[in-house]
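What follows is a set of notes on a single structure, which appears directly below.
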Amino acid sequence: MLLRTKTPPEWVECVLNNFDAFLIDHASCERKASAVGMSFVVRYPDRTALLEPMINFAREELEHFHQVCKLIFRRGLTLAPDEPDSYVNLLMKQVRFGRDERFLDRLLVSGIIEARGTEKLELVAQALTDSELKAFYHRLAKAEDHHKRLFVDLALPFFTEAEVFARLDFWLDQEAKAFEASPIRPAVH
């Protein structure tokens, strides 16, 4: 899945200048991703092909949350309440209603959010000078890359390929608009 816009270098500079704030936001994103995985399990228990992959996804994201928390605590920082995420909110406002429509849209939006996270975490990894942090962010970016494909792959047993990829095309356009409309800040999204 190719995003239609690239994260600008100004974002990386913002993150490097506010790395503690970025870490706290990153932890929040990993926790929310884990919750998204479990929300699919809770909302769609009848879609058995989805359950095992979503449980594994939720477990992996929870482990990422734990790893980022360890970095936060080592730096003497504390977690903070979640802040509104204009990027995600702009996307979620366009998710359709109806059981099947909502299911497909939520899968594809989740995959696109993972794709943007992949790109941004890799940019952070490339920019960091601390070898331990650099390696950590390379590992996370690789895991996120797998996740973006996971959500599209999970849609295919339930919808035709034509439906999935037509709707993915729509969501890639919407993601570009949401991304361009969102401010640059030391956050994953």
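Residues are named by chain letter and number: chains run A, B, ... in the order of the structure tokens, numbers start at 1 in each chain, and ligands are numbered from 1 in the order shown.
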Legend entry - Close residues, segment 97-106 of chain A itself excluded, 12 Å, only C-alpha atoms, min 5 positions apart in chain, as a PyMOL selection string: chain A and resi 36-37+39-41+43-44+47+50+88+91-92+111-113+151-161+163-172+174
Go ahead and write the selection's residues with C-alpha atoms as a short mmCIF file (atom, residue, chain, number, x, y, z; two decimals), in the first residue's frame.
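Final output, again_17.cif:
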```
data_model
loop_
_atom_site.label_atom_id
_atom_site.label_comp_id
_atom_site.auth_asym_id
_atom_site.auth_seq_id
_atom_site.Cartn_x
_atom_site.Cartn_y
_atom_site.Cartn_z
CA VAL A 36 -8.44 -1.44 18.11
CA GLY A 37 -7.39 -5.04 17.62
CA SER A 39 -12.42 -4.06 19.41
CA PHE A 40 -12.52 -6.11 16.19
CA VAL A 41 -12.63 -9.29 18.29
CA ARG A 43 -17.54 -6.47 17.57
CA TYR A 44 -17.10 -9.30 15.08
CA ARG A 47 -15.98 -13.58 11.70
CA LEU A 50 -10.43 -12.38 11.91
CA VAL A 88 -7.43 9.94 13.00
CA LEU A 91 -10.56 9.67 8.92
CA MET A 92 -13.02 8.16 11.40
CA GLY A 111 -4.30 -0.47 7.67
CA ILE A 112 -3.74 3.05 6.38
CA ILE A 113 -3.03 4.37 9.87
CA PHE A 151 -5.73 -5.32 7.64
CA VAL A 152 -6.11 -5.43 3.86
CA ASP A 153 -5.52 -9.19 3.85
CA LEU A 154 -8.18 -9.62 6.54
CA ALA A 155 -10.76 -7.81 4.41
CA LEU A 156 -10.31 -10.15 1.42
CA PRO A 157 -12.12 -13.24 2.83
CA PHE A 158 -15.19 -11.11 3.52
CA PHE A 159 -15.36 -8.87 0.44
CA THR A 160 -14.48 -9.16 -3.22
CA GLU A 161 -11.06 -8.01 -4.29
CA GLU A 163 -14.66 -3.98 -3.37
CA VAL A 164 -11.60 -3.98 -1.15
CA PHE A 165 -9.29 -2.24 -3.58
CA ALA A 166 -11.87 0.30 -4.75
CA ARG A 167 -12.54 1.27 -1.16
CA LEU A 168 -8.81 1.27 -0.37
CA ASP A 169 -8.32 3.71 -3.24
CA PHE A 170 -10.99 5.96 -1.69
CA TRP A 171 -9.31 5.76 1.72
CA LEU A 172 -5.88 6.55 0.33
CA GLN A 174 -8.98 10.58 2.22
#
```
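Within 7 Å of segment 67-74 of chain A there are Leu23, Ile24, Ala27, Glu63, His64, Leu77 and Thr78 of chain A, counting only C-alpha atoms and ignoring same-chain residues fewer than 3 positions away.
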Can I get the selected residues back with C-alpha atoms, as a PDB file, in the first residue's frame?
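Done, and the output landed in again.pdb:
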```
ATOM      1  CA  LEU A  23       7.644   9.079  23.107  1.00  0.00           C
ATOM      2  CA  ILE A  24       4.598   9.799  25.245  1.00  0.00           C
ATOM      3  CA  ALA A  27       3.055   4.991  23.777  1.00  0.00           C
ATOM      4  CA  GLU A  63       4.059  -5.369  23.791  1.00  0.00           C
ATOM      5  CA  HIS A  64       5.143  -2.306  21.775  1.00  0.00           C
ATOM      6  CA  LEU A  77       8.906  10.756  32.223  1.00  0.00           C
ATOM      7  CA  THR A  78       5.328   9.784  32.938  1.00  0.00           C
TER       8      THR A  78
END
```
Inset, instruction - Return as number ranges by chain the full set of residues in segment 3-164 of chain A whose backbone-based DSSP assignment is helix (DSSP H, G or I). - result: A: 9-17, 19-43, 48-74, 86-92, 99-127, 131-155, 161-164
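For the atom pair formed by atom CA of Val15 of chain A and atom CA of Lys134 of chain A, the distance is 13.7 Å, given to one decimal.
In terms of minimum interatomic distance to His147 of chain A, A:Leu108 ranks closest within A:Ala176, A:Leu79, A:Leu108, A:Leu51, counting only C-alpha atoms.
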Inset, instruction - State, in Å with one decimal place, the distance from atom CA of Leu2 of chain A to atom CA of Phe19 of chain A. - result: 26.8 Å
Pick out the residues sitting within 12 Å of Leu16 of chain A, and hand them over as a tab-separated table (two decimals) with C-alpha atoms, in the first residue's frame; count only C-alpha atoms, and ignore anything fewer than 6 positions along from it in its own chain.
```tsv
chain	number	residue	atom	x	y	z
A	9	PRO	CA	11.37	16.63	6.84
A	10	GLU	CA	9.93	19.31	9.14
A	22	PHE	CA	6.95	12.08	20.86
A	23	LEU	CA	7.64	9.08	23.11
A	123	LEU	CA	11.90	8.26	9.38
A	124	VAL	CA	12.55	8.51	13.12
A	125	ALA	CA	14.82	5.46	13.00
A	126	GLN	CA	16.83	6.96	10.14
A	127	ALA	CA	17.22	10.29	11.93
A	128	LEU	CA	18.18	9.06	15.40
A	129	THR	CA	21.84	9.03	16.36
A	130	ASP	CA	21.49	6.85	19.48
A	185	ARG	CA	3.53	17.99	15.88
A	186	PRO	CA	5.78	15.57	17.76
A	187	ALA	CA	3.31	12.71	17.36
```
Legend entry - Non-local contacts of Phe57 of chain A (7 Å; only C-alpha atoms; under 4 positions in same chain excluded) as an MDAnalysis selection string: chainID A and resid 34 37 53 61
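Between His146 of chain A and the candidates A:Gly117, A:Pro8, A:Gly76, A:Pro183, the tightest atom-to-atom separation, counting only C-alpha atoms, involves A:Gly117.
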